[in-house]
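J.: Sharing a structure here in structure tokens format.
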Amino acid sequence: MEDDLDVAYAQTVTKFSPNSGRPRIILQEESGLVEDLRKALDRKIQAATDEHNDEDIPLSEVAAMRAERDTWSLLHSLAAIRVFPDHPTPTAQEVLAENAFATPQILVGRLVAASKPLRELMTVKTWAEDTAPEPMAPEPRTGYWNYTRHRILHNKRVAGSKAASAGQGNMVTEMDPDAVSRQPGATLDANDDGYERALGQAVYAYIRAGRLETAIDMCKSLDHPWRSAILRGSELFNWSLFSVESPQDDDDMVIDDLSADSGGGNKRRRLWKETCVTAARSTSLNQSTRAMYAALAPQRRTLPVLLSQCRTWTDHLWAHSAVLFEERVDAQLGQLKGCFWLSGLDALHSPEQSDDAMQDVLFQDEETWKLEAQRELSSLKEVAVEEGRPAWDIYHITQLLYVMDQSGELINTAEDYITSTQFEALPSSEKHRIVRFFAHLCLFMKYLGLPPASRAFDVILRKYLGSLEAAKRTDLIALYAATLGASAIERYAEYLAGLDAHISNEERRAGLRRAAEHQLDAVLVAESVADKVGRRAFKDLPKLQALAPDTADLYAPHVLKDEELLLITSVEWLVFSPQTYPSAVELVNSIVRYFLAMGNINAAQEAMARVPSDLAKEAASQAQRVEHFNYQRFLELWQLFSQVVQHAAEEPQSTGAGGVIERETRGAWIRDYTRQLEALHGDVIYLLTNDWLKDAHTEGCEWYLFLGCNILTSGTSVTRQSELDLVRQLYIPEIIIRLHAALIDSGNIAIKNIRLALELANVVADSRYSLADEFFGSRSQRNRLQDYLAAVRTATIKGMELSGTADPFKFLSN
């Protein structure tokens, strides 16, 4: 289920990321970013609550999805107010200056339109109403206080009797709605009393849900027209005769909560509200009826009654926002001058006050009120709730901090939470959901041009990327890594570098392709991955020693270790684009150089096999190109040595028959063997006489950096040239001695090979090539020149024996 939401959220990011900084697109009502997220959550909620759904989804998870959906709705509504600039419209006082008969509905609309804090507060109140539970209407019942009416009639029929005195008790004696409050201690029949409480609770629930008209219609249908009249008194007075033309602007705010039909509303609403306050504070009424009156006239005096009805955290938010909004509107209405409907005829003769002076007063007063409102709302951080998610729930914290316009603190709080031990103790699915929400909240704010603190943003996005990695959502990681800005390439490279070394090249290519799809530089990503993989591999690989390894290690069986394979695969990230070929040449050269210096020829051959055979031509410098060719030639030569040894081991054995087939078979073997020896001899001579790895320069060598920082001798960094010297001192004596042995071993077949072996000594002695120096260089474990001279002496003796002469010079001259 989480996978589906991950994809839906990612699709939304893909859709809107090109529109970053364009809030009108991001905040579209029907097709904006939040609407897409809400639709995705609605689909999951509907699927989770479908009775035919086979998936067992916990109710807590469904509740969390609802909370997230509702939070997105609140964020969207408030952002639309904060991001878009206000359009200049006449203020309430300016309207009165033109028309003293402007109605309260018009004035309140102007007051709200001119005040962002008031608009935000009304938005919060409306949101809390929209997300309220569906009210439960009482069962339909015709007639008014039927049971009480029968009791009153019965009591009148038996008036004066002992039975009447015994049965009347505290029953009301009249049927008017105020009978209970006018007759101290009087009560209704238990059936009617219970129904009155249920009806009062239903009316309160409808008001709490912002469905006043539904409550009015319900009261009418249940034969409580007087209660409908009470509810209707909440409407602001309006009269179309005194309406003010509003500017024809698509962005003008339409305040649905404050609208009314022409000629409707309550002209004496202040008196009506005071009456509601008195009723709400009356202890002679039942609690549900008092709550109804308190909801109709939310004030600080009625707040305790409202809070007694609050069960959820959102109930508390609604109660406080309703009180703050209503009192602020009343206070601003009281400051207006010259309104006939508020002050009567006196308003027409009151001294005028300049509009600018009035606006200064309202602005100064508003700043003070805003701070007071924030202080009051901050108390909701620790309010106790009876039902639903607690006050410290992360969605409630998000809602409250965003309502208080503390986006920076919100993102910092989110960072602290997702890095806390409390968060780590949560189930993995819940952690993933929460991090996903905050990651997209950061993106939402970024797209609106309100980027949160860069550090917190980075921490939250990286946390979500880690969660996606744990869930193996390889298809989504590049998308979110690209949102990290300057660190995007590094973070995505970290992910790719952490993949298993055994993945296929097609998977590597796909990872780089996703980078390009999300506007990441695939070349820089590939180079960064290669560097990170190489560094990770070298943490576990041994460092080069001052002396070359023993030659016996060159022929020991070697199976690639995981860290060796990891190092080799680092270069494979650089073979997908011609733009990375130069870096691939440098890197593979460094890897091969390291493995050869360690005496690990198998690993060097494997590394060279992972790159195209013609890669050297893409080198950025002549030195790198020559070095790469030198490694290719040497590894081919080493393979040829193995082929010669293998071919020699396959020498046909004589059966003594001396048949034609036997002679032809042996003749074919000798020809192949001779041809291989000739090729081997020619390749070795070419390598020895062409300064193999001798004059390599270091210009343009970038990839040596991560090798050099790990390859140390006695605490000193080994230079690249020093590594090349080590390789020469290890392998030049070895290939000379090995070629010498191969030629001598084949002397029984072709005596000329012994002459070639002795002529090889002349090449070694030639000062132009400095080959003899490699036998006793500073990096060698011992002086191998003595071994070679002993082998030359033996070859000379064998040559004289085979040629039948005791004169070595005569043998060589023949």
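As shown in the structure tokens, the chain order sets the letters A, B, ...; within each chain, residues go from 1, and ligands are also counted from 1 in the order they appear.
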Quick check for you: according to DSSP on this backbone, which residues of region 532-781 of chain A are classed as strand (DSSP E or B)? Reply as a PyMOL selection string.
T.: chain A and resi 712-713+716-717
J.: So which bits of region 323-526 of chain A end up alpha helix (DSSP H) when you DSSP the backbone, as JSON, numbers by chain?
T.: {"A": [323, 324, 325, 326, 327, 328, 329, 330, 331, 332, 333, 334, 335, 340, 341, 342, 343, 346, 347, 348, 349, 355, 356, 357, 358, 359, 360, 361, 362, 363, 364, 365, 366, 367, 368, 369, 370, 371, 372, 373, 374, 375, 376, 377, 378, 394, 395, 396, 397, 398, 399, 400, 401, 402, 403, 407, 408, 409, 410, 411, 412, 413, 414, 415, 416, 417, 418, 421, 422, 423, 424, 428, 429, 430, 431, 432, 433, 434, 435, 436, 437, 438, 439, 440, 441, 442, 443, 444, 445, 446, 447, 454, 455, 456, 457, 458, 459, 460, 461, 462, 463, 464, 465, 466, 467, 468, 469, 470, 474, 475, 476, 477, 478, 479, 480, 481, 488, 489, 490, 491, 492, 493, 494, 495, 496, 497, 505, 506, 507, 508, 509, 510, 511, 512, 513, 514, 515, 516, 517, 522, 523, 524, 525, 526]}
J.: What does the structure give for the distance between CA of Lys44 (chain A) and CA of Pro133 (chain A), in Å to one decimal?
T.: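 Here the two named atoms are 19.2 Å from each other.
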J.: Quick check, in Å to one decimal: how far apart do CA of His647 (chain A) and CA of Tyr555 (chain A) lie?
T.: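 Result for CA of His647 (chain A) versus CA of Tyr555 (chain A): 17.4 Å, one decimal.
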J.: Mind checking which residues fall within 12 Å of Gly408 (chain A), counting only C-alpha atoms, ignoring those fewer than 5 positions away in the same chain, and posting them as a list in words?
T.: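 My reading of the contact set: Thr398, Leu401, Tyr402, Thr413, Ala414, Glu415, Leu441, Cys442, Met445, Leu450, Pro451, Pro452, Ala453, Ser454, Arg455, Ala456 and Phe457 of chain A.
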J.: Generate the output file for the selected residues, N, CA, C and O atoms, as a PDB file, in the first residue's frame.
T.:
ATOM      1  N   THR A 398       2.210  19.913  13.126  1.00  0.00           N
ATOM      2  CA  THR A 398       2.361  20.561  11.820  1.00  0.00           C
ATOM      3  C   THR A 398       1.249  21.567  11.587  1.00  0.00           C
ATOM      4  O   THR A 398       1.493  22.715  11.171  1.00  0.00           O
ATOM      5  N   LEU A 401       1.676  24.721  14.045  1.00  0.00           N
ATOM      6  CA  LEU A 401       2.790  25.610  13.723  1.00  0.00           C
ATOM      7  C   LEU A 401       2.553  26.336  12.402  1.00  0.00           C
ATOM      8  O   LEU A 401       2.927  27.498  12.244  1.00  0.00           O
ATOM      9  N   TYR A 402       1.912  25.673  11.458  1.00  0.00           N
ATOM     10  CA  TYR A 402       1.635  26.352  10.192  1.00  0.00           C
ATOM     11  C   TYR A 402       0.527  27.395  10.372  1.00  0.00           C
ATOM     12  O   TYR A 402       0.578  28.472   9.768  1.00  0.00           O
ATOM     13  N   THR A 413      11.405  21.481  13.763  1.00  0.00           N
ATOM     14  CA  THR A 413      10.776  20.478  14.633  1.00  0.00           C
ATOM     15  C   THR A 413      10.718  19.132  13.932  1.00  0.00           C
ATOM     16  O   THR A 413      10.964  18.081  14.547  1.00  0.00           O
ATOM     17  N   ALA A 414      10.386  19.157  12.648  1.00  0.00           N
ATOM     18  CA  ALA A 414      10.343  17.912  11.875  1.00  0.00           C
ATOM     19  C   ALA A 414      11.713  17.258  11.825  1.00  0.00           C
ATOM     20  O   ALA A 414      11.842  16.035  11.989  1.00  0.00           O
ATOM     21  N   GLU A 415      12.761  18.077  11.626  1.00  0.00           N
ATOM     22  CA  GLU A 415      14.118  17.526  11.590  1.00  0.00           C
ATOM     23  C   GLU A 415      14.478  16.883  12.931  1.00  0.00           C
ATOM     24  O   GLU A 415      15.014  15.766  12.979  1.00  0.00           O
ATOM     25  N   LEU A 441       6.351  18.123   2.215  1.00  0.00           N
ATOM     26  CA  LEU A 441       6.059  19.438   2.778  1.00  0.00           C
ATOM     27  C   LEU A 441       7.198  20.405   2.445  1.00  0.00           C
ATOM     28  O   LEU A 441       6.962  21.563   2.075  1.00  0.00           O
ATOM     29  N   CYS A 442       8.431  19.929   2.579  1.00  0.00           N
ATOM     30  CA  CYS A 442       9.583  20.768   2.215  1.00  0.00           C
ATOM     31  C   CYS A 442       9.527  21.155   0.740  1.00  0.00           C
ATOM     32  O   CYS A 442       9.777  22.310   0.376  1.00  0.00           O
ATOM     33  N   MET A 445       6.813  23.797   0.084  1.00  0.00           N
ATOM     34  CA  MET A 445       7.248  25.134   0.468  1.00  0.00           C
ATOM     35  C   MET A 445       8.297  25.674  -0.512  1.00  0.00           C
ATOM     36  O   MET A 445       8.297  26.866  -0.854  1.00  0.00           O
ATOM     37  N   LEU A 450       9.052  29.545  -0.790  1.00  0.00           N
ATOM     38  CA  LEU A 450       9.273  29.723   0.649  1.00  0.00           C
ATOM     39  C   LEU A 450      10.179  28.603   1.150  1.00  0.00           C
ATOM     40  O   LEU A 450       9.768  27.762   1.961  1.00  0.00           O
ATOM     41  N   PRO A 451      11.413  28.534   0.636  1.00  0.00           N
ATOM     42  CA  PRO A 451      12.268  27.402   1.000  1.00  0.00           C
ATOM     43  C   PRO A 451      12.578  27.384   2.486  1.00  0.00           C
ATOM     44  O   PRO A 451      12.910  28.414   3.069  1.00  0.00           O
ATOM     45  N   PRO A 452      12.459  26.227   3.127  1.00  0.00           N
ATOM     46  CA  PRO A 452      12.819  26.132   4.547  1.00  0.00           C
ATOM     47  C   PRO A 452      14.322  26.196   4.730  1.00  0.00           C
ATOM     48  O   PRO A 452      15.072  26.302   3.761  1.00  0.00           O
ATOM     49  N   ALA A 453      14.744  26.143   5.983  1.00  0.00           N
ATOM     50  CA  ALA A 453      16.176  26.168   6.282  1.00  0.00           C
ATOM     51  C   ALA A 453      16.885  25.064   5.506  1.00  0.00           C
ATOM     52  O   ALA A 453      16.442  23.917   5.500  1.00  0.00           O
ATOM     53  N   SER A 454      17.975  25.425   4.829  1.00  0.00           N
ATOM     54  CA  SER A 454      18.628  24.479   3.925  1.00  0.00           C
ATOM     55  C   SER A 454      19.105  23.227   4.642  1.00  0.00           C
ATOM     56  O   SER A 454      18.997  22.122   4.107  1.00  0.00           O
ATOM     57  N   ARG A 455      19.596  23.383   5.863  1.00  0.00           N
ATOM     58  CA  ARG A 455      20.103  22.209   6.580  1.00  0.00           C
ATOM     59  C   ARG A 455      18.975  21.248   6.908  1.00  0.00           C
ATOM     60  O   ARG A 455      19.083  20.042   6.670  1.00  0.00           O
ATOM     61  N   ALA A 456      17.896  21.766   7.464  1.00  0.00           N
ATOM     62  CA  ALA A 456      16.757  20.900   7.806  1.00  0.00           C
ATOM     63  C   ALA A 456      16.163  20.272   6.555  1.00  0.00           C
ATOM     64  O   ALA A 456      15.806  19.083   6.547  1.00  0.00           O
ATOM     65  N   PHE A 457      16.045  21.064   5.501  1.00  0.00           N
ATOM     66  CA  PHE A 457      15.533  20.552   4.229  1.00  0.00           C
ATOM     67  C   PHE A 457      16.390  19.378   3.762  1.00  0.00           C
ATOM     68  O   PHE A 457      15.870  18.320   3.371  1.00  0.00           O
TER      69      PHE A 457
END
J.: A:His432, A:Glu517, A:Glu572, A:Glu409: which is nearest Ile503 (chain A), counting only C-alpha atoms?
T.: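 Closest to Ile503 (chain A) of all the choices is A:Glu572.
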J.: Compile the contact shell of Glu636 (chain A) as a ChimeraX atom specification: residues with an atom at most 12 Å away, counting only C-alpha atoms, same-chain residues fewer than 3 positions apart removed.
T.: /A:601,604-605,608-609,613,629-633,639-643,679-680,683-684,687
J.: Go ahead and write the residues just picked, N, CA and C atoms, as a compact mmCIF listing (two decimals), in the first residue's frame.
T.:
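Result file follows (part.txt):
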# COMPACT_ATOMS: atom_id res chain seq x y z
N ILE A 601 47.99 -10.54 -10.50
CA ILE A 601 47.82 -10.40 -11.94
C ILE A 601 46.41 -10.76 -12.37
N ALA A 604 44.29 -7.77 -12.00
CA ALA A 604 44.64 -6.77 -13.02
C ALA A 604 44.02 -7.15 -14.36
N GLN A 605 44.07 -8.43 -14.70
CA GLN A 605 43.47 -8.88 -15.95
C GLN A 605 41.95 -8.68 -15.93
N MET A 608 41.15 -5.00 -16.51
CA MET A 608 41.33 -4.60 -17.90
C MET A 608 40.21 -5.16 -18.78
N ALA A 609 39.66 -6.30 -18.40
CA ALA A 609 38.59 -6.90 -19.18
C ALA A 609 37.27 -6.15 -19.04
N SER A 613 38.37 -2.59 -25.31
CA SER A 613 39.77 -2.85 -25.66
C SER A 613 40.43 -1.65 -26.32
N PHE A 629 48.35 1.31 -22.92
CA PHE A 629 48.85 0.37 -23.93
C PHE A 629 49.88 -0.57 -23.31
N ASN A 630 50.73 -0.03 -22.43
CA ASN A 630 51.75 -0.86 -21.78
C ASN A 630 51.12 -1.96 -20.94
N TYR A 631 50.07 -1.61 -20.23
CA TYR A 631 49.39 -2.65 -19.43
C TYR A 631 48.73 -3.69 -20.33
N GLN A 632 48.09 -3.24 -21.40
CA GLN A 632 47.46 -4.18 -22.31
C GLN A 632 48.50 -5.16 -22.87
N ARG A 633 49.64 -4.62 -23.33
CA ARG A 633 50.69 -5.47 -23.92
C ARG A 633 51.26 -6.44 -22.88
N GLN A 639 49.61 -13.67 -20.58
CA GLN A 639 48.70 -14.72 -21.03
C GLN A 639 49.39 -15.63 -22.04
N LEU A 640 50.22 -15.03 -22.87
CA LEU A 640 50.97 -15.82 -23.85
C LEU A 640 51.95 -16.76 -23.16
N PHE A 641 52.57 -16.32 -22.08
CA PHE A 641 53.44 -17.19 -21.28
C PHE A 641 52.66 -18.43 -20.84
N SER A 642 51.45 -18.21 -20.34
CA SER A 642 50.63 -19.32 -19.86
C SER A 642 50.28 -20.27 -21.01
N GLN A 643 50.02 -19.71 -22.18
CA GLN A 643 49.70 -20.55 -23.33
C GLN A 643 50.89 -21.40 -23.75
N ALA A 679 56.56 -15.77 -31.15
CA ALA A 679 55.72 -14.63 -30.81
C ALA A 679 56.03 -14.12 -29.41
N LEU A 680 56.23 -15.07 -28.49
CA LEU A 680 56.56 -14.69 -27.13
C LEU A 680 57.88 -13.94 -27.09
N ASP A 683 57.48 -10.42 -28.56
CA ASP A 683 56.75 -9.50 -27.70
C ASP A 683 57.57 -9.07 -26.48
N VAL A 684 58.30 -10.01 -25.91
CA VAL A 684 59.11 -9.67 -24.75
C VAL A 684 60.21 -8.68 -25.14
N LEU A 687 58.78 -5.27 -25.59
CA LEU A 687 58.45 -4.64 -24.32
C LEU A 687 59.71 -4.14 -23.61
J.: As an exercise, work out the distance from CA of Leu479 (chain A) to CA of Ser73 (chain A) in Å and give it to one decimal place.
T.: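 Separation between CA of Leu479 (chain A) and CA of Ser73 (chain A): 24.4 Å.
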